[in-house]
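Visitor: Shown below is the structure under consideration.
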Amino acid sequence: MHARLVPLPRVTAADARAWRRLADSAVEPNVYLDPRFLVPARHRGRDVADVRLLVVEEGDAWLALLALTTTTVAPGVPLRAVTTGGTFMTTHSDRHHPLVRAGREVEALGALLGGLREVGLPGLVQLQHFPLDGPLADALRQVAARGGMLVHERRRTESAYARRSAVPEPVPCAADAPLVDPPLAADHMGAGRRKDLRRRVRGLARDAGGPLELHDVSDDPAVDAEFAAFQAAGWKGDAARGGAALGLDPVAYRWFRDVVAGFRRDGDVTVLRLTAGGETVYLSYALRSGGTYFGFLDAYAERFAKFSPGALGRLAELTYVLGSTDAPAFDPAFDPRYVAGTQLYPERRGQADLLVSTRGLVSRTAVLAAPVAARFGIGARAVGLPLVPVGGELADWLALVA
């Protein structure tokens, strides 16, 4: 078992095959580290120029992988850190945790973090959006305890999540048989919100001149161009308003088409169109990696905004994906700052930004000093985090930091 550093543009066909096998068997799936998502980004120029893959190999098998970049801790300070952020990952990836092969979690994760030194990278690493529960979190606790690593929690958030059990009733739907008046998974909502939801459905159907219908158009490549145009018709198509629609950037549009084509070939993309009165009011893409579905992109018709077509569409997507597939979970991949969107989903999953010292006195000192530095508003930018107050440290890791 050894570590290897692979610049994203130098991923070979053999690498991609081993990478895909790892993504399929990861103990914590992560669509943003799936080769079908990242390999097409090689054409995005400066956006991905700093992305490298730290890989743990055993023979021809990949046991762990982390996408990372390096950064200076602060101007004038000769200390560098590894981060799972970076231009591309920060902008396009809402989950940064590594891929680690199921059944080999502790040894593979230990080799991954220990491999930083093996490939000549700094021993200080920022792990963003790391899950606080589950087998990967358990593995990190064991690795930290056994390897003498120091771990400091910088920030904790809760993101929307939904296991398949949240929507127990199947919702069959075929491309040539749209689902009229599709059910919406709303049992987790209070009576008042469910009543408001029904009111919005009726209002949308009335104004659009017909009932809501859900169409599965996953197998139709023509929908990709339709989506780009539909997205650009809204505020995202206005760069002056901060929009970043695919139609404004040919490079981004090519990447989107390549990503979707790769997942579509494997039957791992679900594209849903919600219509009202025959008019498209919502389009969404969900991608499947390691068994789990993740939200990718969506857009809604702004002229019906008073009826919240985005919320209705997302609930229809949740209901359909978990009711019509065998996926164990659906992760909408929302940034927790989107409170209204997060509230649509039945569950929450905790994540944290972690600062880890894997080796070296300087790196250990940086982690030990992090709580004090953050209280005085210094040092937070060293690893790309916003200035935030310290709080919520993991109780069972405090002993390692203290």
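Quick note on naming: the chains in the structure tokens go A, B, ... in the order shown, residues restart at 1 in each chain, and ligands are numbered from 1 in order of appearance.
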List as a VMD selection string the protein and nucleic acid residues near Asp133 in chain A, meaning an atom at most 10 Å away when only C-alpha atoms are counted, but skip any in the same chain fewer than 6 places from it.

Guide: chain A and resid 349 to 351

Visitor: Taking only range 125-203 of chain A into account, list the residues labelled helix (DSSP H, G or I) by DSSP (computed from the backbone), as a PyMOL selection string.

Guide: chain A and resi 135-147+164-166+191-203

Visitor: Any idea what's packed within 7 Å of range 8-19 of chain A, counting only C-alpha atoms, ignoring anything in its chain fewer than 5 positions away? Could you give it as a PyMOL selection string?

Guide: chain A and resi 35+42+51-53+61-62

Visitor: What gap, in Å, lies between CA of Arg264 in chain A and CA of Leu54 in chain A?

Guide: 27.2 Å

Visitor: What's the separation between CA of Ser357 in chain A and CA of Leu124 in chain A, in Å to one decimal place?

Guide: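 It comes out at 4.7 Å.
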
Visitor: A:Ala23, A:Val217, A:Val171, A:Met149: which is nearest Val100 in chain A, counting only C-alpha atoms?

Guide: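 That would be A:Ala23, the residue with the smallest distance to Val100 in chain A.
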
Visitor: In terms of the shortest atom-to-atom distance over only C-alpha atoms, which of A:Ala67, A:Ala233, A:Leu283, A:Leu214 is closest to Ala174 in chain A?

Guide: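 Answer, going by the shortest atom-to-atom distance: A:Leu214.
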
Visitor: Take CA of Phe37 in chain A and CA of Pro7 in chain A and report the distance between them in Å, one decimal.

Guide: 15.3 Å

Visitor: Counting only C-alpha atoms, what is within 7 Å of range 112-119 of chain A, bar same-chain residues fewer than 4 positions away, as a tab-separated table (two decimals) with N, CA and C atoms, in the first residue's frame?

Guide:
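Output file around-v5.tsv is given in full below:
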```tsv
chain	number	residue	atom	x	y	z
A	3	ALA	N	1.10	5.71	-1.35
A	3	ALA	CA	0.40	6.91	-1.81
A	3	ALA	C	1.04	7.42	-3.09
A	4	ARG	N	0.20	8.02	-3.94
A	4	ARG	CA	0.67	8.60	-5.19
A	4	ARG	C	-0.10	9.89	-5.45
A	5	LEU	N	0.59	10.89	-5.96
A	5	LEU	CA	-0.04	12.17	-6.26
A	5	LEU	C	-0.24	12.26	-7.77
A	55	VAL	N	-3.82	9.57	-3.93
A	55	VAL	CA	-4.39	8.23	-4.09
A	55	VAL	C	-3.61	7.23	-3.26
A	56	VAL	N	-4.31	6.33	-2.62
A	56	VAL	CA	-3.68	5.19	-1.94
A	56	VAL	C	-3.93	3.96	-2.79
A	64	ALA	N	-8.17	4.60	-1.52
A	64	ALA	CA	-8.61	5.90	-0.99
A	64	ALA	C	-8.19	6.99	-1.96
A	108	ALA	N	-6.98	2.44	5.16
A	108	ALA	CA	-6.92	3.24	3.95
A	108	ALA	C	-6.90	4.74	4.27
A	123	GLY	N	2.14	18.68	6.13
A	123	GLY	CA	1.46	17.81	7.09
A	123	GLY	C	0.26	18.45	7.76
A	358	THR	N	-0.98	16.02	10.55
A	358	THR	CA	-0.60	14.63	10.38
A	358	THR	C	0.84	14.37	10.79
```

Visitor: Which polymer residues have any atom within 7 Å of an atom of Gly291 in chain A, counting only C-alpha atoms, with same-chain residues fewer than 2 positions away left out, as a list in words?

Guide: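 Residues meeting the cut-off are Arg288, Ser289, Tyr293, Ala327 and Pro328 of chain A.
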
Visitor: Please identify all polymer residues within 7 Å of range 211-213 of chain A, counting only C-alpha atoms, omitting same-chain residues fewer than 2 positions from it, and present them as a list in words.

Guide: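 After dropping sequence-adjacent residues, the list is Pro178, Leu179, Val180, Asp181, Pro182, Ala205, His215, Leu274, Thr275, Ala276 and Gly277 of chain A.
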
Visitor: Keeping only C-alpha atoms, take the residues you just selected and write them out as a PDB file, in the first residue's frame.

Guide:
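Saved the output as part.pdb:
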```pdb
ATOM      1  CA  PRO A 178     -45.912  11.044 -17.099  1.00  0.00           C
ATOM      2  CA  LEU A 179     -47.145  11.019 -13.548  1.00  0.00           C
ATOM      3  CA  VAL A 180     -50.154  13.349 -13.290  1.00  0.00           C
ATOM      4  CA  ASP A 181     -50.614  15.208 -10.007  1.00  0.00           C
ATOM      5  CA  PRO A 182     -47.412  13.618  -8.643  1.00  0.00           C
ATOM      6  CA  ALA A 205     -52.256  24.449 -11.903  1.00  0.00           C
ATOM      7  CA  HIS A 215     -41.839  13.434 -16.676  1.00  0.00           C
ATOM      8  CA  LEU A 274     -42.240  19.122 -13.888  1.00  0.00           C
ATOM      9  CA  THR A 275     -44.894  20.705 -16.059  1.00  0.00           C
ATOM     10  CA  ALA A 276     -48.119  22.552 -15.333  1.00  0.00           C
ATOM     11  CA  GLY A 277     -50.650  22.919 -18.102  1.00  0.00           C
TER      12      GLY A 277
END
```

Visitor: Among the residues of range 152-273 of chain A, find those DSSP assigns to strand (DSSP E) from the backbone and print them as an MDAnalysis selection string.

Guide: chainID A and resid 152:163 179:180 212:216 269:273

Visitor: I need the chosen residues saved as a tab-separated table (two decimals), in the first residue's frame, with C-alpha atoms.

Guide:
```
chain	number	residue	atom	x	y	z
A	152	HIS	CA	-9.46	20.66	15.49
A	153	GLU	CA	-13.04	21.38	14.46
A	154	ARG	CA	-13.28	24.80	12.85
A	155	ARG	CA	-16.95	24.94	11.97
A	156	ARG	CA	-20.00	22.70	12.21
A	157	THR	CA	-23.07	22.77	9.97
A	158	GLU	CA	-26.12	20.63	9.23
A	159	SER	CA	-27.10	19.84	5.66
A	160	ALA	CA	-30.30	18.45	4.19
A	161	TYR	CA	-30.42	14.71	3.73
A	162	ALA	CA	-32.99	11.96	3.15
A	163	ARG	CA	-32.76	8.22	3.50
A	179	LEU	CA	-47.15	11.02	-13.55
A	180	VAL	CA	-50.15	13.35	-13.29
A	212	LEU	CA	-48.94	19.18	-12.67
A	213	GLU	CA	-47.19	16.31	-14.45
A	214	LEU	CA	-43.82	14.74	-13.71
A	215	HIS	CA	-41.84	13.43	-16.68
A	216	ASP	CA	-38.73	11.26	-16.46
A	269	VAL	CA	-28.60	10.16	-14.06
A	270	THR	CA	-32.21	11.06	-13.29
A	271	VAL	CA	-33.56	14.07	-15.17
A	272	LEU	CA	-37.06	15.20	-14.23
A	273	ARG	CA	-39.29	17.76	-15.87
```
